[in-house]
Structure formats: structure tokens, C-alpha cells
file final12.pdb (PDB, C-alpha atoms)
ATOM      1  CA  MET A 234     -62.649  -4.990 -61.708  1.00  0.00           C
ATOM      2  CA  LYS A 235     -63.383  -3.812 -58.151  1.00  0.00           C
ATOM      3  CA  LEU A 236     -60.566  -6.060 -56.978  1.00  0.00           C
ATOM      4  CA  LEU A 237     -57.922  -4.250 -59.051  1.00  0.00           C
ATOM      5  CA  PRO A 238     -57.609  -1.073 -56.895  1.00  0.00           C
ATOM      6  CA  GLY A 239     -57.255  -3.195 -53.765  1.00  0.00           C
ATOM      7  CA  LEU A 240     -54.551  -5.318 -55.388  1.00  0.00           C
ATOM      8  CA  LEU A 241     -52.695  -2.207 -56.524  1.00  0.00           C
ATOM      9  CA  ILE A 242     -52.784  -0.715 -53.028  1.00  0.00           C
ATOM     10  CA  ALA A 243     -51.626  -3.996 -51.503  1.00  0.00           C
ATOM     11  CA  SER A 244     -48.809  -4.231 -54.073  1.00  0.00           C
ATOM     12  CA  PHE A 245     -47.625  -0.687 -53.289  1.00  0.00           C
ATOM     13  CA  MET A 246     -47.757  -1.390 -49.548  1.00  0.00           C
ATOM     14  CA  CYS A 247     -45.684  -4.554 -49.987  1.00  0.00           C
ATOM     15  CA  ALA A 248     -43.162  -2.693 -52.130  1.00  0.00           C
ATOM     16  CA  ALA A 249     -42.906   0.113 -49.569  1.00  0.00           C
ATOM     17  CA  THR A 250     -42.428  -2.396 -46.748  1.00  0.00           C
ATOM     18  CA  THR A 251     -39.729  -4.217 -48.713  1.00  0.00           C
ATOM     19  CA  LEU A 252     -37.911  -0.953 -49.447  1.00  0.00           C
ATOM     20  CA  ALA A 253     -38.113   0.060 -45.785  1.00  0.00           C
ATOM     21  CA  GLN A 254     -36.733  -3.317 -44.697  1.00  0.00           C
ATOM     22  CA  THR A 255     -33.926  -3.063 -47.254  1.00  0.00           C
ATOM     23  CA  SER A 256     -33.119   0.471 -46.087  1.00  0.00           C
ATOM     24  CA  ALA A 257     -33.109  -0.644 -42.445  1.00  0.00           C
ATOM     25  CA  GLU A 258     -30.915  -3.629 -43.284  1.00  0.00           C
ATOM     26  CA  GLU A 259     -28.453  -1.441 -45.189  1.00  0.00           C
ATOM     27  CA  THR A 260     -28.406   1.113 -42.376  1.00  0.00           C
ATOM     28  CA  ASN A 261     -27.618  -1.669 -39.902  1.00  0.00           C
ATOM     29  CA  ALA A 262     -24.886  -2.997 -42.210  1.00  0.00           C
ATOM     30  CA  VAL A 263     -23.298   0.468 -42.427  1.00  0.00           C
ATOM     31  CA  LEU A 264     -23.425   0.871 -38.641  1.00  0.00           C
ATOM     32  CA  GLN A 265     -21.890  -2.583 -38.201  1.00  0.00           C
ATOM     33  CA  ALA A 266     -19.091  -1.690 -40.622  1.00  0.00           C
ATOM     34  CA  GLU A 267     -18.392   1.440 -38.554  1.00  0.00           C
ATOM     35  CA  ARG A 268     -18.343  -0.581 -35.322  1.00  0.00           C
ATOM     36  CA  ASP A 269     -16.082  -3.225 -36.872  1.00  0.00           C
ATOM     37  CA  GLY A 270     -13.760  -0.478 -38.091  1.00  0.00           C
ATOM     38  CA  CYS A 271     -13.558   0.977 -34.582  1.00  0.00           C
ATOM     39  CA  THR A 272     -12.719  -2.454 -33.184  1.00  0.00           C
ATOM     40  CA  ALA A 273      -9.957  -2.902 -35.781  1.00  0.00           C
ATOM     41  CA  TYR A 274      -8.404   0.449 -34.835  1.00  0.00           C
ATOM     42  CA  LEU A 275      -8.818  -0.258 -31.114  1.00  0.00           C
ATOM     43  CA  ASN A 276      -6.993  -3.586 -31.456  1.00  0.00           C
ATOM     44  CA  GLY A 277      -4.405  -2.352 -33.972  1.00  0.00           C
ATOM     45  CA  GLU A 278      -5.511  -4.956 -36.526  1.00  0.00           C
ATOM     46  CA  ALA A 279      -3.798  -3.724 -39.687  1.00  0.00           C
ATOM     47  CA  GLU A 280      -5.343  -6.349 -41.969  1.00  0.00           C
ATOM     48  CA  LYS A 281      -8.876  -5.541 -40.825  1.00  0.00           C
ATOM     49  CA  ILE A 282      -8.157  -1.822 -41.149  1.00  0.00           C
ATOM     50  CA  ALA A 283      -6.930  -2.441 -44.709  1.00  0.00           C
ATOM     51  CA  ASN A 284     -10.131  -4.335 -45.535  1.00  0.00           C
ATOM     52  CA  PHE A 285     -12.289  -1.586 -44.033  1.00  0.00           C
ATOM     53  CA  LEU A 286     -10.661   1.232 -46.020  1.00  0.00           C
ATOM     54  CA  THR A 287     -10.937   1.775 -49.766  1.00  0.00           C
ATOM     55  CA  GLU A 288      -7.681   1.918 -51.719  1.00  0.00           C
ATOM     56  CA  ASP A 289      -8.032   5.698 -52.115  1.00  0.00           C
ATOM     57  CA  TYR A 290      -9.285   6.441 -48.583  1.00  0.00           C
ATOM     58  CA  THR A 291      -8.445   9.845 -47.104  1.00  0.00           C
ATOM     59  CA  LEU A 292      -8.946  11.353 -43.673  1.00  0.00           C
ATOM     60  CA  THR A 293      -8.890  15.074 -43.013  1.00  0.00           C
ATOM     61  CA  ASN A 294      -8.074  15.544 -39.354  1.00  0.00           C
ATOM     62  CA  SER A 295      -8.972  18.395 -37.052  1.00  0.00           C
ATOM     63  CA  LYS A 296      -5.767  20.247 -38.021  1.00  0.00           C
ATOM     64  CA  GLY A 297      -6.617  20.103 -41.722  1.00  0.00           C
ATOM     65  CA  GLU A 298      -3.959  17.464 -42.383  1.00  0.00           C
ATOM     66  CA  ILE A 299      -4.784  14.704 -44.837  1.00  0.00           C
ATOM     67  CA  SER A 300      -3.702  11.100 -44.341  1.00  0.00           C
ATOM     68  CA  GLY A 301      -4.466   7.966 -46.268  1.00  0.00           C
ATOM     69  CA  ARG A 302      -4.900   4.224 -46.085  1.00  0.00           C
ATOM     70  CA  THR A 303      -1.165   3.471 -46.017  1.00  0.00           C
ATOM     71  CA  ASP A 304      -0.717   5.878 -43.085  1.00  0.00           C
ATOM     72  CA  ASP A 305      -3.413   4.147 -41.009  1.00  0.00           C
ATOM     73  CA  ILE A 306      -2.059   0.692 -41.790  1.00  0.00           C
ATOM     74  CA  ALA A 307       1.502   1.802 -40.975  1.00  0.00           C
ATOM     75  CA  ASP A 308       0.341   3.303 -37.658  1.00  0.00           C
ATOM     76  CA  ALA A 309      -1.301   0.002 -36.718  1.00  0.00           C
ATOM     77  CA  THR A 310       1.689  -2.157 -37.655  1.00  0.00           C
ATOM     78  CA  SER A 311       4.364   0.118 -36.149  1.00  0.00           C
ATOM     79  CA  GLY A 312       2.804   0.404 -32.719  1.00  0.00           C
ATOM     80  CA  LYS A 313       2.943   4.204 -33.070  1.00  0.00           C
ATOM     81  CA  VAL A 314      -0.686   4.248 -31.990  1.00  0.00           C
ATOM     82  CA  HIS A 315      -2.306   2.425 -29.099  1.00  0.00           C
ATOM     83  CA  TYR A 316      -5.929   2.969 -28.189  1.00  0.00           C
ATOM     84  CA  ASP A 317      -7.593   2.092 -24.909  1.00  0.00           C
ATOM     85  CA  VAL A 318     -10.880   3.514 -26.226  1.00  0.00           C
ATOM     86  CA  PHE A 319     -11.952   3.965 -29.851  1.00  0.00           C
ATOM     87  CA  GLU A 320     -15.719   4.189 -29.931  1.00  0.00           C
ATOM     88  CA  ASN A 321     -18.208   5.797 -32.290  1.00  0.00           C
ATOM     89  CA  TYR A 322     -21.579   6.853 -30.897  1.00  0.00           C
ATOM     90  CA  ASP A 323     -24.586   9.040 -31.743  1.00  0.00           C
ATOM     91  CA  MET A 324     -24.251   7.775 -35.308  1.00  0.00           C
ATOM     92  CA  LYS A 325     -26.744   8.780 -37.976  1.00  0.00           C
ATOM     93  CA  VAL A 326     -26.744   7.179 -41.421  1.00  0.00           C
ATOM     94  CA  ARG A 327     -27.934   8.634 -44.723  1.00  0.00           C
ATOM     95  CA  LEU A 328     -28.066   6.142 -47.588  1.00  0.00           C
ATOM     96  CA  TYR A 329     -27.559   7.041 -51.243  1.00  0.00           C
ATOM     97  CA  GLY A 330     -27.678   3.731 -53.110  1.00  0.00           C
ATOM     98  CA  SER A 331     -24.211   2.205 -52.831  1.00  0.00           C
ATOM     99  CA  ALA A 332     -22.919   5.168 -50.800  1.00  0.00           C
ATOM    100  CA  ALA A 333     -23.610   6.253 -47.236  1.00  0.00           C
ATOM    101  CA  VAL A 334     -22.776   9.268 -45.122  1.00  0.00           C
ATOM    102  CA  VAL A 335     -22.410   8.667 -41.401  1.00  0.00           C
ATOM    103  CA  THR A 336     -22.154  11.431 -38.828  1.00  0.00           C
ATOM    104  CA  GLY A 337     -21.461  10.985 -35.155  1.00  0.00           C
ATOM    105  CA  ARG A 338     -18.890  11.308 -32.433  1.00  0.00           C
ATOM    106  CA  THR A 339     -15.802   9.280 -31.609  1.00  0.00           C
ATOM    107  CA  LYS A 340     -14.317   8.883 -28.130  1.00  0.00           C
ATOM    108  CA  LEU A 341     -10.554   8.376 -28.394  1.00  0.00           C
ATOM    109  CA  LYS A 342      -8.252   7.523 -25.537  1.00  0.00           C
ATOM    110  CA  GLY A 343      -4.732   6.173 -25.812  1.00  0.00           C
ATOM    111  CA  VAL A 344      -1.263   7.092 -26.996  1.00  0.00           C
ATOM    112  CA  TYR A 345      -0.317   8.486 -30.400  1.00  0.00           C
ATOM    113  CA  ASP A 346       3.342   9.014 -31.248  1.00  0.00           C
ATOM    114  CA  GLY A 347       4.266   9.036 -27.554  1.00  0.00           C
ATOM    115  CA  LYS A 348       1.597  11.589 -26.616  1.00  0.00           C
ATOM    116  CA  THR A 349      -1.498  10.886 -24.552  1.00  0.00           C
ATOM    117  CA  VAL A 350      -4.757  11.281 -26.431  1.00  0.00           C
ATOM    118  CA  ASP A 351      -8.075  11.709 -24.622  1.00  0.00           C
ATOM    119  CA  LYS A 352     -10.669  13.497 -26.696  1.00  0.00           C
ATOM    120  CA  ILE A 353     -13.998  13.416 -28.431  1.00  0.00           C
ATOM    121  CA  VAL A 354     -14.290  14.337 -32.089  1.00  0.00           C
ATOM    122  CA  GLN A 355     -17.254  14.927 -34.353  1.00  0.00           C
ATOM    123  CA  PHE A 356     -16.911  12.912 -37.556  1.00  0.00           C
ATOM    124  CA  THR A 357     -18.378  12.653 -41.011  1.00  0.00           C
ATOM    125  CA  ASP A 358     -17.608   9.405 -42.843  1.00  0.00           C
ATOM    126  CA  THR A 359     -18.401   8.488 -46.416  1.00  0.00           C
ATOM    127  CA  LEU A 360     -18.720   4.779 -47.052  1.00  0.00           C
ATOM    128  CA  VAL A 361     -19.190   2.963 -50.346  1.00  0.00           C
ATOM    129  CA  LYS A 362     -20.425  -0.540 -50.960  1.00  0.00           C
ATOM    130  CA  GLN A 363     -17.812  -2.561 -52.838  1.00  0.00           C
ATOM    131  CA  ASN A 364     -18.302  -6.258 -53.570  1.00  0.00           C
ATOM    132  CA  GLY A 365     -21.087  -6.406 -50.996  1.00  0.00           C
ATOM    133  CA  GLN A 366     -18.989  -4.816 -48.229  1.00  0.00           C
ATOM    134  CA  TRP A 367     -19.322  -1.306 -46.802  1.00  0.00           C
ATOM    135  CA  ARG A 368     -15.903   0.359 -46.839  1.00  0.00           C
ATOM    136  CA  LEU A 369     -14.716   3.755 -45.637  1.00  0.00           C
ATOM    137  CA  ALA A 370     -13.727   6.045 -48.535  1.00  0.00           C
ATOM    138  CA  ALA A 371     -13.316   9.375 -46.727  1.00  0.00           C
ATOM    139  CA  GLY A 372     -13.531  10.828 -43.262  1.00  0.00           C
ATOM    140  CA  HIS A 373     -13.333  14.202 -41.587  1.00  0.00           C
ATOM    141  CA  VAL A 374     -13.009  14.912 -37.882  1.00  0.00           C
ATOM    142  CA  SER A 375     -13.407  18.092 -35.870  1.00  0.00           C
ATOM    143  CA  PRO A 376     -12.744  18.590 -32.163  1.00  0.00           C
ATOM    144  CA  VAL A 377     -15.636  18.826 -29.741  1.00  0.00           C
ATOM    145  CA  ALA A 378     -15.301  21.208 -26.820  1.00  0.00           C
ATOM    146  CA  GLN A 379     -15.219  19.241 -23.584  1.00  0.00           C
TER     147      GLN A 379
END

call {"tool": "encode", "arguments": {"input": "final12.pdb", "output": "C-alpha cells"}}
result
Amino acid sequence: MKLLPGLLIASFMCAATTLAQTSAEETNAVLQAERDGCTAYLNGEAEKIANFLTEDYTLTNSKGEISGRTDDIADATSGKVHYDVFENYDMKVRLYGSAAVVTGRTKLKGVYDGKTVDKIVQFTDTLVKQNGQWRLAAGHVSPVAQ
């Protein structure tokens, strides 16, 4: 009988460790999905962009304009956009089961629709886990004073 409390404590500690490892693994998977998404945009890889975005993905840009998955894919295939830098940093992840909210900053440098782009934006991304893959469902960006 004296062994029972010790076993219960050990069981709870193991469960807590397992949950922490799972949370850390999921956080790393979300961050990797974000990095892979940046690489796809940087390289103009329309197929990878399509796989990263949910079917109903929306982005609200710093002007309040809303674009969707087809817009991003079209930009990549048309050559309308070319990035020299597309990098997320200072990312923080909050997990909510099969959903995650990521905040951070993105450094963008390149050409969009014939105009030079060189800016940093603050972003909030909402990702969902679909078929074992973290995908971007919604994003919002705001300019950062430089």
C-alpha cells in the first residue's frame, strides 16, 4: 500500500513529460511548416505553396486587403512576385490541439508587380493540422516602423 502513492506520482510525472515532449514536437513541427512555407514563397514554388495553404486560406495585408490561396499560387506561377529574402523570425507558437497561432516578424525583399519591396512586417498566422500536416489557414500582417 505504501508503494501506491509513489507509483501514482511516477505515473503523473511520466504523463507530464510525455505531454511536454509532444507539445515541444508539435511546436517544432509548426515552426518547420512556417520555415518551409517561407522557402516555397522565396523560391516561387507554386505547388509547395498550394500544399502549405488550406483550400480556404485568407491573408489580410497591411492595407486591409484580403487575398486567398488562388492569388498566392497565381503570383508564384506568373512571376509577378520575386523574393530575394522571405524570412520569418522571432516566432512564438501557441498550440490549441489541432490548431496553432504563430506570431513573429517577416523580412521581405524583392519585387512585387514591378515595384521594389524591402520591409519588415509583424504577422499572426493561424495553422491547422490536416492529415498530419500543419497548413496555413489565415494570416494577417502589419507594417513595422523601420

call {"tool": "resolve_selection", "arguments": {"input": "final12.pdb", "expression": "the PyMOL selection byres ((chain A and resi 309-314) around 8)", "output": "VMD selection string"}}
result
chain A and resid 274 277 to 279 305 to 308 315 to 316 343 to 347

call {"tool": "resolve_selection", "arguments": {"input": "final12.pdb", "expression": "the PyMOL selection byres ((chain A and resi 282-291) around 7)", "output": "list in words"}}
result
Gly270, Ala273, Tyr274, Glu278, Ala279, Glu280, Lys281, Leu292, Thr293, Ile299, Ser300, Gly301, Arg302, Ile306, Arg368, Leu369, Ala370, Ala371 and Gly372 of chain A

call {"tool": "closest_residue", "arguments": {"input": "final12.pdb", "among": "A:Val326, A:Ala378, A:Val335, A:Val263", "to": "Gly365 in chain A", "atoms": "only C-alpha atoms"}}
result
A:Val263

call {"tool": "resolve_selection", "arguments": {"input": "final12.pdb", "expression": "the PyMOL selection byres ((chain A and resi 321) around 10)", "output": "JSON, numbers by chain"}}
result
{"A": [264, 267, 268, 270, 271, 272, 318, 319, 320, 322, 323, 324, 336, 337, 338, 339, 340, 341, 353, 354, 355, 356]}

call {"tool": "atom_distance", "arguments": {"input": "final12.pdb", "atom1": "CA of Ser331 in chain A", "atom2": "CA of Trp367 in chain A"}}
result
8.5 Å

call {"tool": "closest_residue", "arguments": {"input": "final12.pdb", "among": "A:Glu298, A:Asp304, A:Lys342, A:Lys325", "to": "Thr357 in chain A", "atoms": "only C-alpha atoms"}}
result
A:Lys325

call {"tool": "axis_aligned_box", "arguments": {"input": "final12.pdb", "around": "range 271-275 of chain A", "padding_each_side": "6 Å", "output": "AutoDock Vina command-line options"}}
result
--center_x -11.0 --center_y -1.0 --center_z -33.4 --size_x 17.2 --size_y 15.9 --size_z 16.7

call {"tool": "atom_distance", "arguments": {"input": "final12.pdb", "atom1": "CA of Asn294 in chain A", "atom2": "CA of Asp358 in chain A"}}
result
11.9 Å

call {"tool": "atom_distance", "arguments": {"input": "final12.pdb", "atom1": "CA of Thr255 in chain A", "atom2": "CA of Asp269 in chain A"}}
result
20.6 Å

call {"tool": "closest_residue", "arguments": {"input": "final12.pdb", "among": "A:Thr349, A:Val377, A:Ala333, A:Thr303", "to": "Ala266 in chain A", "atoms": "all atoms listed in the file"}}
result
A:Ala333
